[in-house]
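Shown next, in structure tokens, is the structure this report addresses.
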2 protein chains.
Amino acid sequence: MKRKYIFLFFTFMGLSISAQKTLQERLGYPKTAKLLIIHADDLGMAHAQNSGSILAMEKGSVNSASLMVPCPWFSEIAAYAKDHPYGDFGIHLTLNSEWKYYKWRPVLGTEDGRTLIDESGFLHENLEIIDRNANAAEVENELRAQIDLALSKGVDVTHLDTHMGALFLNPDLFQVYKRLGKKYKLPVLLSKAALENYGLSPDLLEESDLVLDRVFTAEPKDYQSGLATYYTKVLQKLQPGVHAILLHTAHLTDELESATIEHEDYGAKWRQQDLDFFTSEKCKNLLKENNIQLLTWREIRDKLVR
Amino acid sequence: MKRKYIFLFFTFMGLSISAQKTLQERLGYPKTAKLLIIHADDLGMAHAQNSGSILAMEKGSVNSASLMVPCPWFSEIAAYAKDHPYGDFGIHLTLNSEWKYYKWRPVLGTEDGRTLIDESGFLHENLEIIDRNANAAEVENELRAQIDLALSKGVDVTHLDTHMGALFLNPDLFQVYKRLGKKYKLPVLLSKAALENYGLSPDLLEESDLVLDRVFTAEPKDYQSGLATYYTKVLQKLQPGVHAILLHTAHLTDELESATIEHEDYGAKWRQQDLDFFTSEKCKNLLKENNIQLLTWREIRDKLVR
């Protein structure tokens with residue numbers, strides 16, 4: 001059931017095409033422009049995730065990323081973000097501690113988050129339990145604490161997104177997600193497909209919401225046939241509009257293999273393949289040949305939200 | 001000031017020789033026996049700490065270890081301990097999150113431990129702050145939660161010791177340490193030198209306490225002159241009695257180098273040297289040549305405490 005929840009999220013994120021011309025035009029680009037955020041998730045999760053993602057941003061084509069505040073290596077990437085004030089760093093709002101042996105606790109601890117933790121005090125392992133148990137007020141307190149901690153560490157937070165799509169699980173959590181965006185004056189990652197995925201009504205989207213046209217994430221079947229093949233197709237077939245690719249650039253190390261043990265999908269080898277592709281000359285050439293312009297959340301935030 | 005606190009602990013732990021003949025005789029050994037616990041600290045701290053210490057126990061001469069429950073990799077080593085029910089695994093009672101970028105939170109969270117955490121919600125970085133701020137009742141709650149969590153994960157806990165010597169900082173904390181031993185019917189690591197180190201009165205030791213004759217830990221000056229040289233001398237000069245060597249066996253990986261960044265002392269290279277020595281044939285031969293018998297905390301626990 002857990003896999004279903006995870007894969008559903010990634011499957012449906014890529015399916016629908018919205019006609020949000022408004023966003024593209026409001027950003028000041030022509031209709032024909034293909035705008036793309038190449039976005040690394042899960043920074044702070046492990047040292048190998050930080051080192052791989054830094055490499056992908058400095059030498060590769062990744063131009064945006066989000067940080068998991070409750071994770072053990074958050075302080076390392078927060079210090080990096082503070083030292084790179086023009087980088088594009090959002091908060092990967094985290095309600096899950098999903099790996100088998102490598103675990104983290106909520107920022108707030110137990111006091112304001114009893115529905116958010118398992119019997120060991122870790123954040124819940126899977127989405128089902130969150131959907132069933134998590135109290136929206138406790139979720140909001142915890143996620144505010146995550147954003148506040150990043151801000152207090154000097155991170156110029158550019159956007160919000162949701163680890164494993166947990167904030168699309170039900171309307172209450174979705175409202176928390178949107179309220180956080182408003183409270184902190186930050187764009188939040190939204191797509192119609194994500195709402196469809198979890199059976200949320202499209203009426204939950206308001207006229208003022210910034211909704212991306214497409215959000216691409218490789219699925220297990222793409223991993224089976226090779227991630228480079230998948231990403232190549234995404235770039236070659238990209239249509240005019242405002243899009244994001246979500247990926248997980250990391251070094252394949254003993255740390256990461258052990259952290260992601262028994263999770264072949266989205267595991268260490270997968271993440272090294274992401275790193276290989278998004279640091280390749282092939283990727284750079286594909287972006288150029290296909291006239292793809294990179295867009296940051298910072299640009300969206302500063303032009304349209306603040 | 002922090003270094004002073006750390007080094008004082010390790011310096012004084014090794015200085016005094018006690019005449020606790022009782023312990024040796026009560027364990028059923030002759031007066032001439034040299035009994036030694038070769039003890040790896042900090043298990044659970046990092047994956048490289050777990051993998052190195054497992055190697056040192058399985059192929060090397062390490063015969064006892066203790067687990068840091070609040071740390072990110074605790075679940076990995078707890079599962080190993082559960083699968084190795086005759087291993088010698090204690091709890092390395094943890095009040096510090098001492099590294100720069102790699103951090104952990106208390107088990108209890110903030111509710112019952114407001115004096116135990118810094119402004120980011122991590123356990124305090126150094127001993128000074130604990131000495132000054134930590135409320136003994138909050139310490140006791142947190143440490144009970146640490147022991148309880150290990151027990152709930154199926155670890156047959158054999159003993160208690162204290163990470164960085166924090167429970168020797170003042171009489172209140174020392175009483176917590178001893179109370180925990182009594183409550184859980186576990187031997188706790190005690191030496192007269194540790195009390196002297198922190199200026200605790202020897203009157204705090206009771207007749208019934210199990211006090212080791214000597215506890216050896218390499219200091220920075222020993223690292224400068226080579227850890228193998230230090231350990232060789234310890235083994236060659238070991239006198240009859242009941243002793244322990246505390247060490248930190250770990251693999252020198254990118255994870256561990258980054259975790260221990262800016263801490264050359266007790267850092268990644270140091271820990272790999274510990275691993276090298278305690279998996280060497282030289283170490284095994286020294287133990288044999290010097291008629292040193294390995295002792296476990298399990299034996300002490302089962303013969304004298306339970």
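Chains: A, B, ... in order of the structure tokens. Residues: from 1 per chain. Ligands: from 1, in order shown.
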key: Spatial neighbours of A:His47, max dist 10 Å, only C-alpha atoms, sep filter under 6 positions, as a PyMOL selection string   = (chain A and resi 53+72-74+76-77+250-251+253+255-256) or (chain B and resi 101-102+254-256+258-259)
Long-range neighbours of stretch 123-140 of chain B as a PDB file with C-alpha atoms, in the first residue's frame, 8 Å cut-off, only C-alpha atoms, 3 positions minimum in chain:
ATOM      1  CA  MET B   1      36.616  25.634  26.801  1.00  0.00           C
ATOM      2  CA  LYS B   2      34.808  22.760  25.136  1.00  0.00           C
ATOM      3  CA  TYR B   5      36.043  19.554  29.057  1.00  0.00           C
ATOM      4  CA  ILE B   6      36.438  16.764  26.517  1.00  0.00           C
ATOM      5  CA  LEU B  95      23.326  14.334  26.131  1.00  0.00           C
ATOM      6  CA  ASN B  96      25.489  15.845  23.367  1.00  0.00           C
ATOM      7  CA  SER B  97      25.178  16.435  19.643  1.00  0.00           C
ATOM      8  CA  GLU B  98      28.788  17.536  19.348  1.00  0.00           C
ATOM      9  CA  TRP B  99      29.593  17.719  15.622  1.00  0.00           C
ATOM     10  CA  TRP B 104      20.550  14.829  16.300  1.00  0.00           C
ATOM     11  CA  ARG B 105      17.656  15.633  18.601  1.00  0.00           C
ATOM     12  CA  PRO B 106      16.722  14.078  21.954  1.00  0.00           C
ATOM     13  CA  ASP B 112      10.339  17.102  28.869  1.00  0.00           C
ATOM     14  CA  GLY B 113      13.749  18.381  27.933  1.00  0.00           C
ATOM     15  CA  ARG B 114      13.803  22.107  27.380  1.00  0.00           C
ATOM     16  CA  THR B 115      17.091  22.447  29.254  1.00  0.00           C
ATOM     17  CA  LEU B 116      18.702  19.751  27.083  1.00  0.00           C
ATOM     18  CA  ILE B 117      18.472  21.404  23.669  1.00  0.00           C
ATOM     19  CA  ASP B 118      19.853  24.373  21.785  1.00  0.00           C
ATOM     20  CA  LEU B 143      17.971   8.907  29.437  1.00  0.00           C
ATOM     21  CA  ARG B 144      15.186   6.585  30.558  1.00  0.00           C
ATOM     22  CA  MET B 164      31.763  12.398  26.665  1.00  0.00           C
ATOM     23  CA  ALA B 166      28.571  14.181  30.717  1.00  0.00           C
ATOM     24  CA  LEU B 169      29.861  16.811  35.307  1.00  0.00           C
ATOM     25  CA  ASN B 170      28.213  17.372  38.666  1.00  0.00           C
ATOM     26  CA  ASP B 172      23.180  15.704  40.405  1.00  0.00           C
ATOM     27  CA  LEU B 173      23.974  14.175  37.032  1.00  0.00           C
ATOM     28  CA  VAL B 176      21.036  10.196  37.767  1.00  0.00           C
ATOM     29  CA  LEU B 180      19.565   4.501  36.114  1.00  0.00           C
TER      30      LEU B 180
END
request  = With a distance cut-off of 12 Å and only C-alpha atoms, select the neighbouring residues of B:Lys288, excluding the residue or stretch itself and same-chain residues fewer than 4 positions from it, and output the selection as a PyMOL selection string.
outcome  = chain B and resi 34+61+235-236+281-284+292-294
Might you pull out every residue within 9 Å of A:Ala56, with only C-alpha atoms counted and same-chain residues fewer than 4 positions away left off, and present them as a short mmCIF file (atom, residue, chain, number, x, y, z; two decimals) with N, CA and C atoms, in the first residue's frame?
data_model
loop_
_atom_site.label_atom_id
_atom_site.label_comp_id
_atom_site.auth_asym_id
_atom_site.auth_seq_id
_atom_site.Cartn_x
_atom_site.Cartn_y
_atom_site.Cartn_z
N ALA A 40 16.34 19.57 -7.63
CA ALA A 40 16.80 18.43 -6.81
C ALA A 40 16.05 18.42 -5.48
N SER A 51 26.33 16.27 -1.12
CA SER A 51 27.52 16.39 -1.97
C SER A 51 27.14 16.21 -3.44
N GLY A 52 26.24 15.28 -3.72
CA GLY A 52 25.81 15.07 -5.11
C GLY A 52 25.03 16.26 -5.64
N GLY A 60 26.69 21.04 -12.93
CA GLY A 60 25.68 20.43 -13.80
C GLY A 60 24.56 21.39 -14.13
N SER A 61 23.40 20.84 -14.43
CA SER A 61 22.27 21.64 -14.93
C SER A 61 21.17 21.86 -13.90
N VAL A 62 21.34 21.31 -12.72
CA VAL A 62 20.33 21.53 -11.68
C VAL A 62 20.39 22.99 -11.25
N ASN A 63 19.24 23.66 -11.20
CA ASN A 63 19.26 25.09 -10.86
C ASN A 63 18.35 25.44 -9.69
N THR A 249 19.57 14.04 -7.00
CA THR A 249 20.99 13.88 -7.32
C THR A 249 21.81 13.55 -6.06
N ALA A 250 22.48 12.41 -6.08
CA ALA A 250 23.30 12.02 -4.92
C ALA A 250 24.42 11.10 -5.37
N LEU A 275 22.36 11.98 -10.89
CA LEU A 275 23.56 12.83 -10.84
C LEU A 275 24.34 12.73 -12.15
N ASP A 276 24.50 11.52 -12.67
CA ASP A 276 25.24 11.33 -13.92
C ASP A 276 24.59 12.12 -15.06
N PHE A 278 22.39 14.67 -14.97
CA PHE A 278 22.28 16.13 -14.82
C PHE A 278 23.63 16.83 -14.60
N THR A 279 24.71 16.07 -14.69
CA THR A 279 26.04 16.68 -14.79
C THR A 279 26.66 16.39 -16.16
#
task = Once DSSP has gone over the backbone, tell me which residues of stretch 7-248 of chain A are in strand (DSSP E or B), as a PyMOL selection string.
result = chain A and resi 34-43+64-67+89-93+96+109+117+123-124+160-162+188+214-216+241-247
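For the set A:Leu304, A:Leu151, A:Leu167, A:Leu210, the residue with the smallest atom-to-atom gap to chain B is A:Leu151, counting only C-alpha atoms.
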task = Would you please extract all helix (DSSP H, G or I) residues from stretch 63-215 of chain A, as assigned by DSSP on the backbone, and give them as an MDAnalysis selection string?
result = chainID A and resid 74:83 114:116 127:133 136:152 163:168 171:184 192:197 202:204
Can you tell me, as a compact mmCIF listing (two decimals) with N, CA, C and O atoms, in the first residue's frame, what residues are no more than 12 Å from stretch 237-242 of chain B when counting only C-alpha atoms, ignoring any on the same chain fewer than 3 positions away?
# COMPACT_ATOMS: atom_id res chain seq x y z
N GLY B 14 42.28 7.78 32.83
CA GLY B 14 43.33 6.78 32.82
C GLY B 14 44.34 6.90 33.94
O GLY B 14 45.25 6.07 34.05
N ILE B 17 44.88 4.42 39.82
CA ILE B 17 44.74 2.98 39.98
C ILE B 17 43.99 2.73 41.27
O ILE B 17 44.36 3.21 42.33
N SER B 18 42.90 2.02 41.15
CA SER B 18 42.15 1.76 42.38
C SER B 18 42.49 0.35 42.86
O SER B 18 43.03 -0.46 42.14
N ALA B 19 42.16 0.12 44.06
CA ALA B 19 42.48 -1.20 44.65
C ALA B 19 41.21 -2.01 44.83
O ALA B 19 41.03 -2.68 45.83
N GLN B 20 40.31 -1.94 43.81
CA GLN B 20 39.05 -2.66 43.88
C GLN B 20 39.27 -4.15 43.65
O GLN B 20 38.76 -4.72 42.70
N LYS B 21 40.01 -4.80 44.53
CA LYS B 21 40.22 -6.24 44.38
C LYS B 21 38.90 -6.98 44.40
O LYS B 21 38.73 -8.01 43.79
N THR B 22 37.97 -6.45 45.16
CA THR B 22 36.68 -7.08 45.34
C THR B 22 36.05 -7.47 44.00
O THR B 22 35.60 -8.60 43.84
N LEU B 23 36.05 -6.53 43.09
CA LEU B 23 35.38 -6.79 41.82
C LEU B 23 35.99 -7.99 41.11
O LEU B 23 35.28 -8.91 40.68
N GLN B 24 37.32 -8.01 41.02
CA GLN B 24 37.98 -9.11 40.33
C GLN B 24 37.68 -10.45 41.00
O GLN B 24 37.35 -11.43 40.35
N GLU B 25 37.81 -10.44 42.31
CA GLU B 25 37.56 -11.68 43.04
C GLU B 25 36.09 -12.08 42.99
O GLU B 25 35.77 -13.27 42.84
N ARG B 26 35.24 -11.08 43.09
CA ARG B 26 33.81 -11.41 43.05
C ARG B 26 33.40 -12.01 41.71
O ARG B 26 32.40 -12.73 41.61
N LEU B 27 34.16 -11.70 40.66
CA LEU B 27 33.86 -12.29 39.35
C LEU B 27 34.39 -13.72 39.23
O LEU B 27 34.15 -14.39 38.22
N GLY B 28 35.16 -14.18 40.24
CA GLY B 28 35.62 -15.56 40.25
C GLY B 28 36.95 -15.79 39.57
O GLY B 28 37.27 -16.90 39.15
N TYR B 29 37.72 -14.72 39.43
CA TYR B 29 39.04 -14.85 38.80
C TYR B 29 40.14 -14.77 39.86
O TYR B 29 39.95 -14.15 40.92
N PRO B 30 41.31 -15.37 39.58
CA PRO B 30 42.43 -15.24 40.52
C PRO B 30 42.96 -13.81 40.51
O PRO B 30 42.76 -13.06 39.56
N LYS B 31 43.66 -13.48 41.59
CA LYS B 31 44.24 -12.14 41.72
C LYS B 31 45.18 -11.77 40.59
O LYS B 31 45.36 -10.60 40.27
N THR B 32 45.82 -12.75 40.00
CA THR B 32 46.82 -12.47 38.95
C THR B 32 46.20 -12.22 37.58
O THR B 32 46.90 -11.81 36.66
N ALA B 33 44.91 -12.45 37.45
CA ALA B 33 44.28 -12.31 36.13
C ALA B 33 44.24 -10.86 35.68
O ALA B 33 43.96 -9.96 36.47
N LYS B 34 44.52 -10.67 34.39
CA LYS B 34 44.36 -9.35 33.77
C LYS B 34 43.08 -9.41 32.93
O LYS B 34 43.05 -10.05 31.88
N LEU B 35 42.07 -8.74 33.42
CA LEU B 35 40.77 -8.77 32.74
C LEU B 35 40.55 -7.45 32.00
O LEU B 35 40.76 -6.37 32.56
N LEU B 36 40.11 -7.55 30.75
CA LEU B 36 39.98 -6.34 29.94
C LEU B 36 38.71 -6.37 29.09
O LEU B 36 38.41 -7.36 28.43
N ILE B 37 37.97 -5.26 29.15
CA ILE B 37 36.85 -5.02 28.23
C ILE B 37 37.37 -4.13 27.11
O ILE B 37 37.86 -3.02 27.38
N ILE B 38 37.33 -4.63 25.87
CA ILE B 38 37.75 -3.79 24.73
C ILE B 38 36.48 -3.23 24.11
O ILE B 38 35.73 -3.94 23.44
N LEU B 189 29.55 2.12 33.92
CA LEU B 189 31.00 2.33 33.86
C LEU B 189 31.41 3.37 34.89
O LEU B 189 30.99 4.53 34.80
N LEU B 190 32.23 2.97 35.85
CA LEU B 190 32.70 3.86 36.92
C LEU B 190 34.20 3.67 37.11
O LEU B 190 34.69 2.54 37.04
N SER B 191 34.88 4.76 37.34
CA SER B 191 36.27 4.67 37.80
C SER B 191 36.51 5.84 38.74
O SER B 191 35.90 6.90 38.60
N LEU B 210 30.30 -1.01 41.43
CA LEU B 210 31.31 -1.79 40.72
C LEU B 210 32.25 -0.80 40.03
O LEU B 210 31.86 -0.15 39.06
N VAL B 211 33.45 -0.68 40.57
CA VAL B 211 34.38 0.33 40.06
C VAL B 211 35.55 -0.35 39.36
O VAL B 211 36.22 -1.20 39.94
N LEU B 212 35.75 0.00 38.09
CA LEU B 212 36.86 -0.61 37.35
C LEU B 212 38.19 -0.08 37.88
O LEU B 212 38.28 1.03 38.40
N ASP B 213 39.23 -0.92 37.73
CA ASP B 213 40.55 -0.48 38.18
C ASP B 213 41.09 0.64 37.30
O ASP B 213 41.48 1.68 37.79
N ARG B 214 41.12 0.39 36.00
CA ARG B 214 41.58 1.46 35.10
C ARG B 214 40.74 1.49 33.83
O ARG B 214 40.32 0.44 33.32
N VAL B 215 40.52 2.68 33.34
CA VAL B 215 39.81 2.88 32.07
C VAL B 215 40.74 3.68 31.16
O VAL B 215 41.15 4.79 31.50
N PHE B 216 41.12 3.07 30.05
CA PHE B 216 42.09 3.70 29.14
C PHE B 216 41.39 4.29 27.93
O PHE B 216 40.54 3.64 27.32
N TYR B 230 50.33 3.68 21.30
CA TYR B 230 49.65 3.84 22.58
C TYR B 230 48.99 2.53 23.01
O TYR B 230 49.19 2.06 24.14
N TYR B 231 48.22 1.94 22.12
CA TYR B 231 47.49 0.71 22.49
C TYR B 231 48.46 -0.43 22.80
O TYR B 231 48.22 -1.24 23.69
N THR B 232 49.55 -0.49 22.06
CA THR B 232 50.55 -1.53 22.31
C THR B 232 51.08 -1.41 23.73
O THR B 232 51.17 -2.40 24.47
N LYS B 233 51.40 -0.19 24.13
CA LYS B 233 51.90 0.04 25.49
C LYS B 233 50.87 -0.33 26.54
O LYS B 233 51.19 -0.94 27.57
N VAL B 234 49.61 0.06 26.30
CA VAL B 234 48.55 -0.27 27.26
C VAL B 234 48.49 -1.79 27.47
O VAL B 234 48.44 -2.27 28.60
N ILE B 245 39.30 -0.59 27.84
CA ILE B 245 39.79 0.40 26.87
C ILE B 245 38.57 0.92 26.12
O ILE B 245 37.78 0.13 25.60
N LEU B 286 49.29 -9.56 20.96
CA LEU B 286 49.60 -8.86 22.21
C LEU B 286 48.71 -9.35 23.34
O LEU B 286 49.17 -9.53 24.49
N LEU B 287 47.45 -9.57 23.04
CA LEU B 287 46.53 -10.06 24.07
C LEU B 287 46.99 -11.43 24.57
O LEU B 287 47.00 -11.70 25.77
N GLU B 289 50.13 -12.87 24.18
CA GLU B 289 51.48 -12.82 24.79
C GLU B 289 51.42 -12.26 26.21
O GLU B 289 52.22 -12.64 27.06
N ASN B 290 50.49 -11.36 26.45
CA ASN B 290 50.43 -10.70 27.76
C ASN B 290 49.37 -11.31 28.68
O ASN B 290 49.05 -10.74 29.72
N ASN B 291 48.87 -12.49 28.26
CA ASN B 291 47.90 -13.22 29.09
C ASN B 291 46.72 -12.36 29.54
O ASN B 291 46.32 -12.38 30.71
N ILE B 292 46.20 -11.62 28.58
CA ILE B 292 45.05 -10.77 28.89
C ILE B 292 43.77 -11.53 28.55
O ILE B 292 43.63 -12.09 27.46
N GLN B 293 42.85 -11.59 29.51
CA GLN B 293 41.57 -12.26 29.28
C GLN B 293 40.49 -11.21 29.02
O GLN B 293 40.36 -10.25 29.78
N LEU B 294 39.72 -11.44 27.98
CA LEU B 294 38.66 -10.48 27.68
C LEU B 294 37.45 -10.74 28.57
O LEU B 294 37.05 -11.88 28.81
N LEU B 295 36.90 -9.66 29.04
CA LEU B 295 35.74 -9.69 29.94
C LEU B 295 34.62 -8.88 29.28
O LEU B 295 34.88 -7.89 28.61
N THR B 296 33.38 -9.33 29.46
CA THR B 296 32.25 -8.55 28.93
C THR B 296 31.46 -7.92 30.07
O THR B 296 31.46 -8.41 31.21
N TRP B 297 30.72 -6.88 29.74
CA TRP B 297 29.78 -6.31 30.70
C TRP B 297 28.65 -7.31 30.99
O TRP B 297 28.10 -7.31 32.08
N ILE B 300 29.74 -9.35 33.85
CA ILE B 300 29.63 -8.56 35.09
C ILE B 300 28.16 -8.44 35.50
O ILE B 300 27.78 -8.66 36.66
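Atom CA of B:Val107 lies 5.5 Å from atom CA of B:Pro70.
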request  = Please provide the set of residues having any atom within 9 Å of A:Asp83, restricted to only C-alpha atoms, with same-chain residues fewer than 5 positions apart removed, written as a ChimeraX atom specification.
outcome  = /A:78,154-155
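Counting only C-alpha atoms and comparing B:Asp156, B:Glu257, B:Asp222, B:Glu58, the residue that lies closest to chain A is B:Glu257.
With atom CA of B:Asn285 on one side and atom CA of B:Leu247 on the other, the separation reads 18.8 Å.
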